[in-house]
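> Structure file run-v8.cif (mmCIF, C-alpha atoms) right here:
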```
data_data
#
loop_
_atom_site.group_PDB
_atom_site.id
_atom_site.type_symbol
_atom_site.label_atom_id
_atom_site.label_comp_id
_atom_site.auth_asym_id
_atom_site.auth_seq_id
_atom_site.Cartn_x
_atom_site.Cartn_y
_atom_site.Cartn_z
ATOM 1 C CA MET A 1 -57.348 84.990 46.240
ATOM 2 C CA PHE A 2 -61.039 84.625 45.454
ATOM 3 C CA SER A 3 -62.151 87.074 48.134
ATOM 4 C CA VAL A 4 -59.639 89.718 47.019
ATOM 5 C CA ARG A 5 -60.743 89.307 43.430
ATOM 6 C CA VAL A 6 -64.426 89.584 44.364
ATOM 7 C CA ILE A 7 -63.862 92.728 46.417
ATOM 8 C CA LEU A 8 -61.766 94.481 43.774
ATOM 9 C CA TRP A 9 -63.994 93.634 40.810
ATOM 10 C CA THR A 10 -67.183 94.477 42.701
ATOM 11 C CA LEU A 11 -65.923 97.850 43.902
ATOM 12 C CA ALA A 12 -64.361 98.763 40.570
ATOM 13 C CA MET A 13 -67.458 97.936 38.547
ATOM 14 C CA ALA A 14 -69.789 99.624 41.063
ATOM 15 C CA TYR A 15 -67.699 102.784 40.849
ATOM 16 C CA THR A 16 -67.665 102.554 37.049
ATOM 17 C CA GLY A 17 -71.442 102.164 36.953
ATOM 18 C CA PHE A 18 -71.854 105.155 39.249
ATOM 19 C CA ILE A 19 -69.490 107.330 37.187
ATOM 20 C CA LEU A 20 -71.202 106.397 33.911
ATOM 21 C CA THR A 21 -74.475 107.948 35.099
ATOM 22 C CA ASN A 22 -72.854 111.421 34.868
ATOM 23 C CA GLN A 23 -74.730 112.493 37.995
ATOM 24 C CA GLY A 24 -71.743 113.721 40.002
ATOM 25 C CA LEU A 25 -70.827 112.938 43.592
ATOM 26 C CA ARG A 26 -73.421 115.262 45.165
ATOM 27 C CA THR A 27 -76.412 113.785 43.367
ATOM 28 C CA PHE A 28 -77.667 110.499 44.757
ATOM 29 C CA ASN A 29 -80.872 109.471 43.047
ATOM 30 C CA SER A 30 -82.382 106.150 42.061
ATOM 31 C CA LEU A 31 -80.566 106.090 38.706
ATOM 32 C CA SER A 32 -77.092 106.364 40.249
ATOM 33 C CA ILE A 33 -77.920 103.770 42.892
ATOM 34 C CA THR A 34 -79.314 101.370 40.282
ATOM 35 C CA GLU A 35 -76.281 101.765 38.036
ATOM 36 C CA ALA A 36 -73.914 101.233 40.972
ATOM 37 C CA PHE A 37 -75.826 98.093 41.958
ATOM 38 C CA LEU A 38 -75.765 96.726 38.405
ATOM 39 C CA GLY A 39 -72.050 97.487 38.181
ATOM 40 C CA ALA A 40 -71.408 95.691 41.466
ATOM 41 C CA LEU A 41 -73.409 92.699 40.275
ATOM 42 C CA THR A 42 -71.438 92.630 37.017
ATOM 43 C CA GLY A 43 -68.173 92.862 38.947
ATOM 44 C CA PHE A 44 -69.165 89.969 41.174
ATOM 45 C CA PHE A 45 -70.020 87.781 38.183
ATOM 46 C CA LEU A 46 -66.751 88.708 36.446
ATOM 47 C CA ALA A 47 -64.777 87.763 39.561
ATOM 48 C CA VAL A 48 -66.523 84.384 39.716
ATOM 49 C CA LEU A 49 -65.965 83.855 35.990
ATOM 50 C CA PHE A 50 -62.246 84.633 36.153
ATOM 51 C CA THR A 51 -61.769 82.482 39.258
ATOM 52 C CA LEU A 52 -63.445 79.486 37.618
ATOM 53 C CA ARG A 53 -61.367 80.042 34.492
ATOM 54 C CA GLU A 54 -58.145 80.071 36.531
ATOM 55 C CA ARG A 55 -59.097 76.865 38.338
ATOM 56 C CA ARG A 56 -60.001 75.184 35.057
ATOM 57 C CA ARG A 57 -56.599 76.049 33.570
ATOM 58 C CA GLN A 58 -54.770 74.626 36.592
ATOM 59 C CA ARG A 59 -56.606 71.305 36.301
ATOM 60 C CA PRO A 60 -54.924 68.636 34.152
ATOM 61 C CA ALA A 61 -56.390 68.179 30.732
ATOM 62 C CA PHE A 62 -58.855 65.389 30.067
ATOM 63 C CA PHE A 63 -56.843 64.232 27.070
ATOM 64 C CA ALA A 64 -53.144 63.966 27.816
ATOM 65 C CA HIS A 65 -52.261 63.147 24.206
ATOM 66 C CA PRO A 66 -52.566 65.206 21.053
ATOM 67 C CA ILE A 67 -55.582 64.547 18.882
ATOM 68 C CA ALA A 68 -53.287 63.303 16.086
ATOM 69 C CA GLN A 69 -52.199 60.363 18.255
ATOM 70 C CA ILE A 70 -55.769 59.474 19.172
ATOM 71 C CA PHE A 71 -57.110 59.665 15.600
ATOM 72 C CA PRO A 72 -54.136 59.081 13.275
ATOM 73 C CA ASP A 73 -56.298 58.768 10.146
ATOM 74 C CA TRP A 74 -58.260 61.956 10.743
ATOM 75 C CA GLY A 75 -58.472 63.970 7.554
ATOM 76 C CA THR A 76 -57.312 61.269 5.148
ATOM 77 C CA SER A 77 -59.691 59.907 2.593
ATOM 78 C CA ARG A 78 -61.218 56.487 3.082
ATOM 79 C CA GLU A 79 -59.304 55.057 0.093
ATOM 80 C CA ASN A 80 -55.905 56.056 1.490
ATOM 81 C CA ARG A 81 -56.423 54.680 5.004
ATOM 82 C CA ASP A 82 -55.590 51.054 4.177
ATOM 83 C CA SER A 83 -52.291 49.973 2.723
ATOM 84 C CA ARG A 84 -53.976 47.386 0.504
ATOM 85 C CA PRO A 85 -56.668 48.411 -1.922
ATOM 86 C CA ASN A 86 -60.053 46.865 -1.257
ATOM 87 C CA PRO A 87 -61.516 45.117 -4.296
ATOM 88 C CA ARG A 88 -64.980 46.307 -5.138
ATOM 89 C CA HIS A 89 -67.523 43.771 -6.309
#
```
Go ahead and render the structure in this file as structure tokens.


Amino acid sequence: MFSVRVILWTLAMAYTGFILTNQGLRTFNSLSITEAFLGALTGFFLAVLFTLRERRRQRPAFFAHPIAQIFPDWGTSRENRDSRPNPRH
């Protein structure tokens, strides 16, 4: 799946970069080639980014429990955490 994603994103972004130069198909100058190269580079990085994101979502979470179970007193004031009041000297 990675290779298909890299090919599609690279070609699509290279074509988009070439079209955005408004040079037309008959004009091949350094600007159109540079924009196509930058578009292809952007497409490659987007494909890598989306592949890593998909793999990260398939991986099990580091914490398997909700944060409320790990820190049950989170958000309560220090005075309300204990059932008995602490005498102050």

> Of the candidates A:Val6, A:Phe71, A:Met1, A:Met13, which shows the shortest atom-to-atom distance to Ala40 in chain A, using only C-alpha atoms?

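Counting only C-alpha atoms, the residue closest to Ala40 in chain A is A:Met13.
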
> Suppose you want the space between CA of Leu20 in chain A and CA of Ala47 in chain A; what is it in Å?

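According to the coordinates, CA of Leu20 in chain A and CA of Ala47 in chain A are separated by 20.5 Å.
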
> Could you check which of A:Thr16, A:Thr10, A:Ser3, A:Ser30 is closest to Phe44 in chain A, using only C-alpha atoms?

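Closest candidate: A:Thr10.
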
> Please expand the PyMOL selection byres ((chain A and resi 12) around 12) into the concrete residues it hits in this file, giving the result as JSON, numbers by chain.

{"A": [5, 6, 7, 8, 9, 10, 11, 13, 14, 15, 16, 17, 18, 19, 36, 37, 38, 39, 40, 41, 42, 43, 44, 46, 47]}

> Please, what distance in Å, to one decimal, runs between CA of Phe45 in chain A and CA of Val4 in chain A?

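Spanning CA of Phe45 in chain A to CA of Val4 in chain A is a straight-line distance of 13.8 Å.
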
> To one decimal place, how far is CA of Phe2 in chain A from CA of Leu52 in chain A in Å?

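Computing the Euclidean distance for CA of Phe2 in chain A and CA of Leu52 in chain A yields 9.7 Å.
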